[in-house]
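*Asks:* Have a peek at target_34.txt (compact mmCIF, C-alpha atoms and all ligand atoms).
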# COMPACT_ATOMS: atom_id res chain seq x y z
CA MET A 1 16.05 73.99 -36.07
CA ALA A 2 18.59 75.28 -33.55
CA PHE A 3 15.73 77.01 -31.63
CA ASP A 4 11.95 77.09 -31.80
CA ARG A 5 9.65 80.04 -32.34
CA ARG A 6 8.87 80.52 -28.64
CA SER A 7 12.55 80.69 -27.65
CA LEU A 8 13.27 83.02 -30.58
CA LEU A 9 10.51 85.45 -29.54
CA LYS A 10 11.52 85.26 -25.91
CA GLY A 11 15.17 85.81 -26.77
CA MET A 12 14.35 88.79 -28.97
CA ALA A 13 12.11 90.36 -26.34
CA THR A 14 14.77 89.91 -23.65
CA ALA A 15 17.53 91.24 -25.88
CA SER A 16 15.35 94.15 -26.89
CA ALA A 17 14.50 95.10 -23.32
CA ALA A 18 18.12 94.83 -22.26
CA ALA A 19 19.30 96.89 -25.19
CA VAL A 20 16.75 99.64 -24.60
CA ALA A 21 17.52 99.71 -20.89
CA SER A 22 21.24 100.02 -21.49
CA ALA A 23 21.03 102.34 -24.48
CA SER A 24 23.28 105.34 -24.28
CA PRO A 25 23.30 108.02 -26.98
CA VAL A 26 26.96 107.53 -27.90
CA LYS A 27 28.85 104.25 -27.54
CA ALA A 28 32.58 103.70 -27.66
CA ALA A 29 34.09 103.25 -31.13
CA ARG A 30 34.55 99.65 -32.31
CA GLU A 31 38.00 98.22 -32.28
CA ARG A 32 39.42 97.69 -35.80
CA LYS A 33 39.30 93.96 -36.61
CA VAL A 34 42.48 92.21 -37.75
CA VAL A 35 43.10 89.15 -39.93
CA PRO A 36 42.73 86.02 -37.75
CA GLU A 37 45.90 84.04 -37.10
CA ASP A 38 44.58 80.92 -38.82
CA ALA A 39 43.14 82.85 -41.80
CA ARG A 40 42.96 81.10 -45.15
CA GLY A 41 42.13 82.77 -48.42
CA MET A 42 42.69 82.96 -52.16
CA LEU A 43 44.92 84.93 -54.49
CA TYR A 44 43.53 85.63 -57.97
CA ASP A 45 45.78 87.06 -60.68
CA THR A 46 44.11 88.52 -63.77
CA THR A 47 47.29 88.16 -65.84
CA LEU A 48 47.13 84.35 -65.53
CA CYS A 49 43.39 83.78 -66.05
CA ILE A 50 42.36 82.60 -69.52
CA GLY A 51 38.61 82.66 -68.84
CA CYS A 52 38.18 78.90 -69.29
CA LYS A 53 35.56 78.79 -66.48
CA ALA A 54 36.78 75.43 -65.20
CA CYS A 55 36.51 77.05 -61.75
CA VAL A 56 32.84 77.88 -62.33
CA ARG A 57 32.04 74.29 -63.30
CA ALA A 58 34.05 72.88 -60.39
CA CYS A 59 32.30 75.20 -57.95
CA LYS A 60 28.90 73.98 -59.14
CA GLU A 61 29.91 70.34 -58.78
CA ALA A 62 31.49 70.79 -55.37
CA ASN A 63 28.48 72.67 -54.04
CA ASP A 64 25.73 70.65 -55.72
CA LEU A 65 24.36 73.65 -57.57
CA PRO A 66 22.06 73.23 -60.58
CA ALA A 67 22.88 74.38 -64.09
CA ASP A 68 21.57 77.87 -64.79
CA THR A 69 19.69 77.62 -68.09
CA ARG A 70 17.66 80.78 -67.48
CA THR A 71 19.71 83.15 -69.66
CA PRO A 72 17.54 84.12 -72.68
CA GLY A 73 18.81 82.49 -75.86
CA MET A 74 21.12 80.14 -73.89
CA GLU A 75 18.50 77.69 -72.59
CA ILE A 76 20.48 74.56 -73.43
CA PHE A 77 23.63 75.81 -71.67
CA ASP A 78 24.68 76.42 -68.08
CA ALA A 79 25.30 80.10 -68.74
CA PRO A 80 24.91 82.34 -65.67
CA THR A 81 25.72 85.98 -66.39
CA ASP A 82 26.35 86.87 -62.76
CA LEU A 83 26.38 85.42 -59.26
CA ASN A 84 22.91 84.15 -58.44
CA ASP A 85 21.04 81.49 -56.45
CA TYR A 86 22.57 78.78 -58.69
CA THR A 87 26.04 80.32 -58.90
CA LYS A 88 28.59 81.00 -56.12
CA ASN A 89 31.51 81.73 -58.42
CA ILE A 90 31.58 83.56 -61.75
CA ILE A 91 34.16 84.69 -64.30
CA LYS A 92 33.37 88.03 -65.94
CA LEU A 93 35.02 89.76 -68.88
CA TYR A 94 36.06 93.41 -68.91
CA SER A 95 36.66 94.73 -72.40
CA GLU A 96 37.35 98.32 -73.47
CA GLY A 97 39.12 99.01 -76.77
CA ASP A 98 42.12 96.69 -76.82
CA ARG A 99 42.15 96.27 -73.04
CA ARG A 100 40.64 93.05 -71.75
CA SER A 101 40.64 91.21 -68.50
CA TYR A 102 38.81 88.38 -66.84
CA VAL A 103 37.81 88.71 -63.23
CA LYS A 104 36.65 86.03 -60.81
CA ARG A 105 33.96 86.98 -58.32
CA GLN A 106 32.90 85.13 -55.18
CA CYS A 107 32.69 85.98 -51.49
CA MET A 108 35.72 88.03 -50.43
CA GLN A 109 35.82 86.52 -46.89
CA CYS A 110 36.06 90.01 -45.38
CA VAL A 111 38.14 90.61 -42.28
CA ASP A 112 35.29 92.65 -40.78
CA PRO A 113 32.28 91.43 -42.77
CA ALA A 114 29.27 93.67 -43.28
CA CYS A 115 27.02 90.61 -43.70
CA VAL A 116 27.91 89.38 -40.21
CA GLY A 117 27.37 92.85 -38.76
CA ALA A 118 23.96 93.12 -40.44
CA CYS A 119 22.62 89.69 -39.48
CA MET A 120 20.48 90.20 -36.39
CA ILE A 121 20.46 86.63 -35.15
CA GLY A 122 23.85 85.29 -36.11
CA ALA A 123 23.02 83.26 -39.21
CA PHE A 124 26.18 84.76 -40.76
CA ARG A 125 29.33 84.17 -38.74
CA LYS A 126 33.07 84.50 -39.14
CA GLU A 127 34.41 81.10 -38.18
CA LYS A 128 37.47 78.88 -38.36
CA PHE A 129 40.12 80.13 -40.82
CA GLY A 130 38.23 83.44 -40.91
CA ILE A 131 35.70 81.99 -43.36
CA ILE A 132 32.23 83.56 -43.40
CA THR A 133 29.54 80.91 -43.03
CA TRP A 134 25.75 80.97 -43.31
CA ASP A 135 23.46 78.86 -41.11
CA ARG A 136 20.18 77.74 -42.68
CA ASP A 137 18.65 76.89 -39.29
CA ARG A 138 19.08 80.40 -37.97
CA CYS A 139 18.30 82.48 -41.05
CA ILE A 140 14.94 84.32 -41.03
CA GLY A 141 15.23 85.45 -44.66
CA CYS A 142 15.33 89.20 -43.91
CA ARG A 143 18.06 89.74 -46.55
CA TYR A 144 19.87 92.40 -44.47
CA CYS A 145 23.09 90.55 -45.34
CA GLN A 146 22.35 91.07 -49.03
CA MET A 147 21.76 94.78 -48.56
CA ALA A 148 24.83 95.23 -46.37
CA CYS A 149 27.45 93.41 -48.48
CA PRO A 150 29.50 96.03 -50.38
CA PHE A 151 30.45 93.43 -53.02
CA GLY A 152 26.89 92.26 -53.84
CA ILE A 153 27.69 88.65 -52.97
CA PRO A 154 24.83 86.97 -51.02
CA LYS A 155 21.98 85.92 -53.29
CA PHE A 156 18.45 84.98 -52.28
CA GLU A 157 16.78 81.86 -53.61
CA TRP A 158 13.62 83.57 -54.90
CA SER A 159 12.43 80.44 -56.70
CA SER A 160 12.12 78.42 -53.47
CA LEU A 161 9.27 78.36 -50.95
CA ASN A 162 11.85 78.00 -48.18
CA PRO A 163 14.65 80.10 -49.63
CA ASP A 164 18.35 79.89 -48.84
CA ILE A 165 20.97 82.59 -48.96
CA VAL A 166 23.58 81.46 -51.48
CA LYS A 167 27.23 82.53 -51.31
CA CYS A 168 30.72 81.02 -51.43
CA GLU A 169 31.75 79.53 -48.07
CA TYR A 170 35.24 78.54 -49.24
CA CYS A 171 34.04 74.98 -49.90
CA ARG A 172 33.80 74.37 -46.16
CA GLN A 173 32.03 71.05 -46.83
CA ARG A 174 35.44 69.75 -48.00
CA GLU A 175 37.13 70.55 -44.72
CA GLY A 176 37.31 66.90 -43.69
CA ASP A 177 39.24 65.91 -46.82
CA LYS A 178 42.96 65.38 -46.43
CA GLN A 179 43.63 67.62 -49.40
CA TRP A 180 41.07 70.27 -48.46
CA GLU A 181 41.29 73.00 -51.02
CA PRO A 182 38.49 75.01 -52.60
CA ALA A 183 37.36 73.31 -55.80
CA CYS A 184 37.93 76.43 -57.89
CA CYS A 185 41.59 76.61 -56.85
CA GLU A 186 42.13 72.88 -57.26
CA VAL A 187 41.05 72.79 -60.92
CA CYS A 188 42.48 76.05 -62.27
CA PRO A 189 44.84 74.96 -65.07
CA ARG A 190 46.86 78.19 -64.87
CA GLU A 191 46.99 78.65 -61.11
CA ALA A 192 45.31 81.99 -61.73
CA VAL A 193 43.52 81.40 -58.46
CA ILE A 194 45.39 79.70 -55.63
CA ALA A 195 44.49 78.89 -52.04
CA GLY A 196 46.59 79.04 -48.91
CA THR A 197 47.07 80.80 -45.65
CA TYR A 198 46.52 84.53 -45.75
CA GLU A 199 50.15 85.16 -44.82
CA GLU A 200 51.46 82.95 -47.66
CA LEU A 201 49.14 84.53 -50.21
CA LEU A 202 49.95 88.10 -49.21
CA ALA A 203 53.70 87.32 -49.38
CA GLU A 204 53.22 85.74 -52.83
CA ALA A 205 51.26 88.75 -54.10
CA LYS A 206 53.97 91.12 -52.84
CA ARG A 207 56.65 88.99 -54.49
CA ARG A 208 54.89 89.11 -57.88
CA LEU A 209 54.36 92.86 -57.61
CA ALA A 210 58.01 93.48 -56.71
CA GLU A 211 59.33 91.21 -59.51
CA HIS A 212 57.00 92.54 -62.23
CA PRO A 213 56.02 96.12 -61.43
CA ASP A 214 55.41 96.72 -65.16
CA ARG A 215 52.87 93.90 -65.31
CA TYR A 216 50.48 94.94 -62.56
CA GLU A 217 48.53 97.85 -61.14
CA PRO A 218 50.58 98.91 -58.10
CA LYS A 219 48.14 97.51 -55.58
CA ILE A 220 47.00 94.28 -53.95
CA TYR A 221 43.24 94.58 -53.78
CA GLY A 222 41.95 93.34 -50.45
CA GLU A 223 45.11 94.02 -48.47
CA LYS A 224 43.50 97.06 -46.88
CA ASP A 225 40.30 97.81 -48.76
CA LEU A 226 37.19 98.04 -46.60
CA GLY A 227 39.16 96.75 -43.64
CA GLY A 228 40.79 93.97 -45.68
CA THR A 229 39.60 90.75 -47.30
CA GLN A 230 41.05 87.24 -47.19
CA VAL A 231 40.62 86.97 -50.96
CA LEU A 232 43.36 89.04 -52.61
CA TYR A 233 43.62 90.25 -56.20
CA LEU A 234 46.40 91.31 -58.54
CA SER A 235 45.38 93.01 -61.78
CA HIS A 236 46.86 94.42 -64.97
CA VAL A 237 43.91 96.82 -65.40
CA PRO A 238 42.65 99.39 -62.87
CA PHE A 239 40.54 97.70 -60.21
CA GLU A 240 37.63 100.10 -60.77
CA LYS A 241 37.31 98.68 -64.30
CA LEU A 242 36.75 95.24 -62.79
CA GLY A 243 33.96 96.47 -60.55
CA PHE A 244 35.96 97.09 -57.36
CA LYS A 245 34.61 100.53 -56.67
CA PHE A 246 35.51 101.02 -53.02
CA ASP A 247 38.71 102.84 -52.19
CA SER A 248 38.01 103.26 -48.48
CA GLU A 249 40.04 101.38 -45.89
CA GLU A 250 37.24 101.66 -43.34
CA PRO A 251 35.21 98.46 -42.87
CA VAL A 252 31.51 98.77 -43.62
CA PRO A 253 30.43 97.90 -40.03
CA GLU A 254 32.49 100.88 -38.80
CA MET A 255 30.83 103.18 -41.35
CA GLN A 256 27.43 101.84 -40.29
CA GLN A 257 28.21 102.57 -36.67
CA THR A 258 29.28 106.13 -37.47
CA ILE A 259 26.05 106.73 -39.40
CA GLN A 260 23.89 105.13 -36.71
CA HIS A 261 25.51 107.23 -34.02
CA GLY A 262 24.81 110.32 -36.10
CA ILE A 263 21.17 109.40 -36.63
CA TYR A 264 20.33 108.07 -33.18
CA GLN A 265 22.33 110.44 -31.01
CA GLY A 266 19.94 111.60 -28.29
CA PHE A 267 17.30 108.97 -29.16
CA ILE A 268 16.56 105.57 -27.66
CA ALA A 269 18.35 102.80 -29.59
CA PRO A 270 16.06 101.18 -32.16
CA ALA A 271 16.49 97.67 -30.71
CA ALA A 272 12.77 97.19 -30.09
CA LEU A 273 12.02 98.17 -33.68
CA TYR A 274 14.60 95.69 -34.99
CA ALA A 275 13.25 92.92 -32.78
CA GLY A 276 9.66 93.50 -33.96
CA LEU A 277 10.75 93.61 -37.59
CA GLY A 278 12.74 90.43 -37.11
CA VAL A 279 9.68 88.58 -35.82
CA VAL A 280 7.56 89.71 -38.79
CA LEU A 281 10.23 88.68 -41.29
CA TRP A 282 10.77 85.34 -39.60
CA ARG A 283 7.03 84.61 -39.70
CA ASN A 284 6.87 85.54 -43.38
CA ARG A 285 9.73 83.16 -44.18
CA ARG A 286 8.13 80.30 -42.28
CA LYS A 287 4.81 80.72 -44.13
CA GLY A 288 6.35 79.24 -47.24
CA GLY A 289 7.86 76.21 -45.53
CA ALA A 290 6.73 74.55 -42.32
CA GLU A 291 2.99 73.85 -42.15
CA GLU A 292 3.18 72.67 -38.55
CA GLU A 293 4.38 76.12 -37.48
CA GLU A 294 1.15 77.62 -38.79
CA GLY A 295 -0.94 75.51 -36.38
CA GLU A 296 1.10 76.71 -33.46
CA ALA A 297 0.46 80.35 -34.40
S1 LIG B 301 39.84 78.00 -63.95
FE1 LIG B 301 41.52 79.48 -63.64
S2 LIG B 301 42.06 80.18 -65.72
FE2 LIG B 301 40.07 79.15 -65.88
S3 LIG B 301 38.60 80.86 -65.64
FE3 LIG B 301 38.89 79.99 -63.59
S4 LIG B 301 40.50 81.25 -62.68
FE4 LIG B 301 40.55 81.63 -64.90
S1 LIG B 302 32.00 89.76 -49.47
FE1 LIG B 302 29.96 90.21 -48.68
S2 LIG B 302 29.13 88.18 -48.16
FE2 LIG B 302 31.36 87.94 -48.35
S3 LIG B 302 32.17 88.27 -46.25
FE3 LIG B 302 32.26 90.26 -47.29
S4 LIG B 302 30.32 91.25 -46.70
FE4 LIG B 302 30.07 89.05 -46.29
S1 LIG B 303 35.78 78.27 -52.69
FE1 LIG B 303 34.29 76.69 -53.30
S2 LIG B 303 32.31 77.75 -53.11
FE2 LIG B 303 33.87 79.35 -53.16
S3 LIG B 303 34.08 79.95 -55.31
FE3 LIG B 303 35.63 78.35 -54.93
S4 LIG B 303 34.61 76.44 -55.50
FE4 LIG B 303 32.99 77.96 -55.25
Take the structure in the file and give it back as structure tokens.
Ligand code: SF4
Ligand code: SF4
Ligand code: SF4

*Replies:*
Amino acid sequence: MAFDRRSLLKGMATASAAAVASASPVKAARERKVVPEDARGMLYDTTLCIGCKACVRACKEANDLPADTRTPGMEIFDAPTDLNDYTKNIIKLYSEGDRRSYVKRQCMQCVDPACVGACMIGAFRKEKFGIITWDRDRCIGCRYCQMACPFGIPKFEWSSLNPDIVKCEYCRQREGDKQWEPACCEVCPREAVIAGTYEELLAEAKRRLAEHPDRYEPKIYGEKDLGGTQVLYLSHVPFEKLGFKFDSEEPVPEMQQTIQHGIYQGFIAPAALYAGLGVVLWRNRRKGGAEEEEGEA
């Protein structure tokens, strides 16, 4: 563990006291976050994807994830129907009349990630290349990240006594490899999903849109949506049909701040409440795992 229970409690109490002492009814607005200079990402193009799911298999192998044989009637197959605790990457099919499209879903590597904003003790962080990482040693299992993510990405390992949060971290375990590239991008036989720097990918998406305006919806999803994402999408069907329902350019953490300011204006900041809740949740998580911690309590 990066810290023990005593230091966690002490840290929370100190932070809580400091926050309450310094609480003012209205704080200055957050600065809008921008894409980091070293940002890496992905570009997925629905017109190129053939739904072969090689990326789903490669993701499982690269991340040591078990086969998901829990789908009723599909018990002898690895057949996840959505992202879950065994699945960080999924290909879904949209079909309506004669209109069809595949869509790949994984973490969007948001520019201003709601999961990071929601995580009280920094288990979620935006790190090198702008990739959003999760730290097992810090996580208390409160699942605020799950509730905050507008794309429904983080999944909780309900089947485990010491559960993890499961989500795509851009294959960061491969970072040391000379040819570091996310497994899903490496295996795609059609280059429907490609990896690169954010700048390269955005330029490529703009080039495709300009060359084939008849082929695509006139939009690069992720360029501005919800403050921007480092995973970009081009599509031949409307993005809402693929489950991208948010048309706001305001990042979720900014919306949260606006709402919180509205609710708490004139009240003491709820830092003490958060700290207390955090302790309870952390204790609940530990019950399932470390026996030695119980003795200490
Ligand atoms: S490997 Fe490529 S073509 Fe196959 S499903 Fe994945 S993104 Fe689509
Ligand atoms: S998609 Fe969800 S989990 Fe991924 S960075 Fe954005 S808010 Fe976090
Ligand atoms: S980057 Fe890695 S973890 Fe993320 S979807 Fe691709 S293969 Fe899976």

*Asks:* Ranking A:Ala192, A:Ala183, A:Leu201, A:Ile76 by minimum distance to Ala58 in chain A and counting all atoms listed in the file, which one comes first?

*Replies:*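 For Ala58 in chain A, the nearest of the given residues is A:Ala183.
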
*Asks:* Residues of chain A that approach ligand LIG 303 (chain B) to 7 Å or less, counting only C-alpha atoms and all ligand atoms: could you list each one with the shortest pair of atoms and its distance in Å to one decimal, rows by chain and increasing residue number, as JSON lines?

*Replies:*
{"residue": "A:Cys55", "atom": "CA", "partner": "B:LIG303", "partner_atom": "S4", "distance": 6.6}
{"residue": "A:Ala58", "atom": "CA", "partner": "B:LIG303", "partner_atom": "S4", "distance": 6.1}
{"residue": "A:Cys59", "atom": "CA", "partner": "B:LIG303", "partner_atom": "S4", "distance": 3.6}
{"residue": "A:Lys60", "atom": "CA", "partner": "B:LIG303", "partner_atom": "FE4", "distance": 6.9}
{"residue": "A:Ala62", "atom": "CA", "partner": "B:LIG303", "partner_atom": "S4", "distance": 6.5}
{"residue": "A:Asn63", "atom": "CA", "partner": "B:LIG303", "partner_atom": "S2", "distance": 6.4}
{"residue": "A:Lys88", "atom": "CA", "partner": "B:LIG303", "partner_atom": "FE4", "distance": 5.4}
{"residue": "A:Asn89", "atom": "CA", "partner": "B:LIG303", "partner_atom": "S3", "distance": 4.4}
{"residue": "A:Gln106", "atom": "CA", "partner": "B:LIG303", "partner_atom": "S3", "distance": 5.3}
{"residue": "A:Cys107", "atom": "CA", "partner": "B:LIG303", "partner_atom": "FE2", "distance": 6.9}
{"residue": "A:Cys168", "atom": "CA", "partner": "B:LIG303", "partner_atom": "FE2", "distance": 4.0}
{"residue": "A:Glu169", "atom": "CA", "partner": "B:LIG303", "partner_atom": "S2", "distance": 5.4}
{"residue": "A:Tyr170", "atom": "CA", "partner": "B:LIG303", "partner_atom": "S1", "distance": 3.5}
{"residue": "A:Cys171", "atom": "CA", "partner": "B:LIG303", "partner_atom": "FE1", "distance": 3.8}
{"residue": "A:Pro182", "atom": "CA", "partner": "B:LIG303", "partner_atom": "S1", "distance": 4.2}
{"residue": "A:Ala183", "atom": "CA", "partner": "B:LIG303", "partner_atom": "S4", "distance": 4.2}
{"residue": "A:Cys184", "atom": "CA", "partner": "B:LIG303", "partner_atom": "S4", "distance": 4.1}
{"residue": "A:Cys185", "atom": "CA", "partner": "B:LIG303", "partner_atom": "FE3", "distance": 6.5}

*Asks:* Around ligand LIG 301 (chain B), out to 9 Å and counting only C-alpha atoms and all ligand atoms, which residues are there? I want them as a ChimeraX atom specification.

*Replies:* /A:44-46,48-58,90-92,102-104,184-194

*Asks:* Counting all atoms listed in the file, which protein, DNA or RNA residues come within 10 Å of ligand LIG 302 (chain B), given as a ChimeraX atom specification?

*Replies:* /A:105-118,124-126,130-134,145-155,165-169,226,228-231,251-253

*Asks:* Would you write out those residues with C-alpha atoms, as a compact mmCIF listing (two decimals), in the frame of the given file?

*Replies:*
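The resulting part.txt:
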# COMPACT_ATOMS: atom_id res chain seq x y z
CA ARG A 105 33.96 86.98 -58.32
CA GLN A 106 32.90 85.13 -55.18
CA CYS A 107 32.69 85.98 -51.49
CA MET A 108 35.72 88.03 -50.43
CA GLN A 109 35.82 86.52 -46.89
CA CYS A 110 36.06 90.01 -45.38
CA VAL A 111 38.14 90.61 -42.28
CA ASP A 112 35.29 92.65 -40.78
CA PRO A 113 32.28 91.43 -42.77
CA ALA A 114 29.27 93.67 -43.28
CA CYS A 115 27.02 90.61 -43.70
CA VAL A 116 27.91 89.38 -40.21
CA GLY A 117 27.37 92.85 -38.76
CA ALA A 118 23.96 93.12 -40.44
CA PHE A 124 26.18 84.76 -40.76
CA ARG A 125 29.33 84.17 -38.74
CA LYS A 126 33.07 84.50 -39.14
CA GLY A 130 38.23 83.44 -40.91
CA ILE A 131 35.70 81.99 -43.36
CA ILE A 132 32.23 83.56 -43.40
CA THR A 133 29.54 80.91 -43.03
CA TRP A 134 25.75 80.97 -43.31
CA CYS A 145 23.09 90.55 -45.34
CA GLN A 146 22.35 91.07 -49.03
CA MET A 147 21.76 94.78 -48.56
CA ALA A 148 24.83 95.23 -46.37
CA CYS A 149 27.45 93.41 -48.48
CA PRO A 150 29.50 96.03 -50.38
CA PHE A 151 30.45 93.43 -53.02
CA GLY A 152 26.89 92.26 -53.84
CA ILE A 153 27.69 88.65 -52.97
CA PRO A 154 24.83 86.97 -51.02
CA LYS A 155 21.98 85.92 -53.29
CA ILE A 165 20.97 82.59 -48.96
CA VAL A 166 23.58 81.46 -51.48
CA LYS A 167 27.23 82.53 -51.31
CA CYS A 168 30.72 81.02 -51.43
CA GLU A 169 31.75 79.53 -48.07
CA LEU A 226 37.19 98.04 -46.60
CA GLY A 228 40.79 93.97 -45.68
CA THR A 229 39.60 90.75 -47.30
CA GLN A 230 41.05 87.24 -47.19
CA VAL A 231 40.62 86.97 -50.96
CA PRO A 251 35.21 98.46 -42.87
CA VAL A 252 31.51 98.77 -43.62
CA PRO A 253 30.43 97.90 -40.03

*Asks:* Skipping near chain neighbours, those fewer than 6 positions away, what residues fall within 12 Å of Glu223 in chain A using only C-alpha atoms, listed as a count of residues only?

*Replies:* 24

*Asks:* (19.4, 75.8, -64.1) in this file's frame - what residues fall within 9 Å of it? Use all atoms listed in the file and give the answer as a list in words.

*Replies:* Leu65, Pro66, Ala67, Asp68, Thr69, Arg70, Glu75, Phe77, Asp78, Ala79, Pro80 and Tyr86 of chain A

*Asks:* Take CA of Ala123 in chain A and CA of Tyr144 in chain A and report the distance between them in Å, one decimal.

*Replies:*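 Value for the CA of Ala123 in chain A-CA of Tyr144 in chain A distance: 11.0 Å.
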
*Asks:* Rounded to one decimal, what separation in Å do you get between CA of Pro238 in chain A and CA of Ala210 in chain A?

*Replies:*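 Separation between CA of Pro238 in chain A and CA of Ala210 in chain A: 17.6 Å.
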
*Asks:* For range 161-185 of chain A, which lacks atoms in the input, supply N, CA and C atoms and format the output as an mmCIF file, in the coordinates of the input.

*Replies:*
data_model
loop_
_atom_site.group_PDB
_atom_site.id
_atom_site.type_symbol
_atom_site.label_atom_id
_atom_site.label_comp_id
_atom_site.auth_asym_id
_atom_site.auth_seq_id
_atom_site.Cartn_x
_atom_site.Cartn_y
_atom_site.Cartn_z
ATOM 1 N N LEU A 161 10.238 77.998 -51.981
ATOM 2 C CA LEU A 161 9.270 78.360 -50.950
ATOM 3 C C LEU A 161 9.949 78.512 -49.592
ATOM 4 N N ASN A 162 11.088 77.879 -49.427
ATOM 5 C CA ASN A 162 11.850 78.000 -48.180
ATOM 6 C C ASN A 162 13.275 78.415 -48.564
ATOM 7 N N PRO A 163 13.426 79.694 -48.939
ATOM 8 C CA PRO A 163 14.650 80.100 -49.630
ATOM 9 C C PRO A 163 15.910 80.104 -48.778
ATOM 10 N N ASP A 164 17.026 79.807 -49.431
ATOM 11 C CA ASP A 164 18.350 79.890 -48.840
ATOM 12 C C ASP A 164 19.002 81.200 -49.256
ATOM 13 N N ILE A 165 20.031 81.573 -48.500
ATOM 14 C CA ILE A 165 20.970 82.590 -48.960
ATOM 15 C C ILE A 165 22.135 81.817 -49.572
ATOM 16 N N VAL A 166 22.542 82.218 -50.765
ATOM 17 C CA VAL A 166 23.580 81.460 -51.480
ATOM 18 C C VAL A 166 24.833 82.334 -51.622
ATOM 19 N N LYS A 167 25.943 81.831 -51.130
ATOM 20 C CA LYS A 167 27.230 82.530 -51.310
ATOM 21 C C LYS A 167 28.378 81.553 -51.081
ATOM 22 N N CYS A 168 29.527 81.850 -51.625
ATOM 23 C CA CYS A 168 30.720 81.020 -51.430
ATOM 24 C C CYS A 168 31.079 80.951 -49.949
ATOM 25 N N GLU A 169 31.289 79.732 -49.454
ATOM 26 C CA GLU A 169 31.750 79.530 -48.070
ATOM 27 C C GLU A 169 33.105 78.816 -48.091
ATOM 28 N N TYR A 170 33.882 79.067 -49.119
ATOM 29 C CA TYR A 170 35.240 78.540 -49.240
ATOM 30 C C TYR A 170 35.213 77.008 -49.227
ATOM 31 N N CYS A 171 34.167 76.444 -49.838
ATOM 32 C CA CYS A 171 34.040 74.980 -49.900
ATOM 33 C C CYS A 171 34.210 74.335 -48.529
ATOM 34 N N ARG A 172 33.565 74.888 -47.522
ATOM 35 C CA ARG A 172 33.800 74.370 -46.160
ATOM 36 C C ARG A 172 33.335 72.931 -45.994
ATOM 37 N N GLN A 173 32.462 72.454 -46.893
ATOM 38 C CA GLN A 173 32.030 71.050 -46.830
ATOM 39 C C GLN A 173 33.182 70.096 -47.116
ATOM 40 N N ARG A 174 34.288 70.609 -47.699
ATOM 41 C CA ARG A 174 35.440 69.750 -48.000
ATOM 42 C C ARG A 174 36.450 69.737 -46.869
ATOM 43 N N GLU A 175 36.141 70.377 -45.779
ATOM 44 C CA GLU A 175 37.130 70.550 -44.720
ATOM 45 C C GLU A 175 37.691 69.231 -44.210
ATOM 46 N N GLY A 176 36.860 68.178 -44.201
ATOM 47 C CA GLY A 176 37.310 66.900 -43.690
ATOM 48 C C GLY A 176 38.308 66.191 -44.594
ATOM 49 N N ASP A 177 38.336 66.578 -45.882
ATOM 50 C CA ASP A 177 39.240 65.910 -46.820
ATOM 51 C C ASP A 177 40.694 66.196 -46.466
ATOM 52 N N LYS A 178 41.539 65.203 -46.707
ATOM 53 C CA LYS A 178 42.960 65.380 -46.430
ATOM 54 C C LYS A 178 43.531 66.547 -47.244
ATOM 55 N N GLN A 179 43.113 66.596 -48.495
ATOM 56 C CA GLN A 179 43.630 67.620 -49.400
ATOM 57 C C GLN A 179 42.667 68.795 -49.489
ATOM 58 N N TRP A 180 42.102 69.235 -48.366
ATOM 59 C CA TRP A 180 41.070 70.270 -48.460
ATOM 60 C C TRP A 180 41.590 71.524 -49.151
ATOM 61 N N GLU A 181 40.950 71.809 -50.242
ATOM 62 C CA GLU A 181 41.290 73.000 -51.020
ATOM 63 C C GLU A 181 40.024 73.379 -51.764
ATOM 64 N N PRO A 182 39.686 74.646 -51.849
ATOM 65 C CA PRO A 182 38.490 75.010 -52.600
ATOM 66 C C PRO A 182 38.540 74.428 -54.018
ATOM 67 N N ALA A 183 37.396 73.970 -54.488
ATOM 68 C CA ALA A 183 37.360 73.310 -55.800
ATOM 69 C C ALA A 183 37.857 74.220 -56.911
ATOM 70 N N CYS A 184 37.537 75.506 -56.822
ATOM 71 C CA CYS A 184 37.930 76.430 -57.890
ATOM 72 C C CYS A 184 39.453 76.524 -57.995
ATOM 73 N N CYS A 185 40.127 76.497 -56.854
ATOM 74 C CA CYS A 185 41.590 76.610 -56.850
ATOM 75 C C CYS A 185 42.229 75.294 -57.310
#
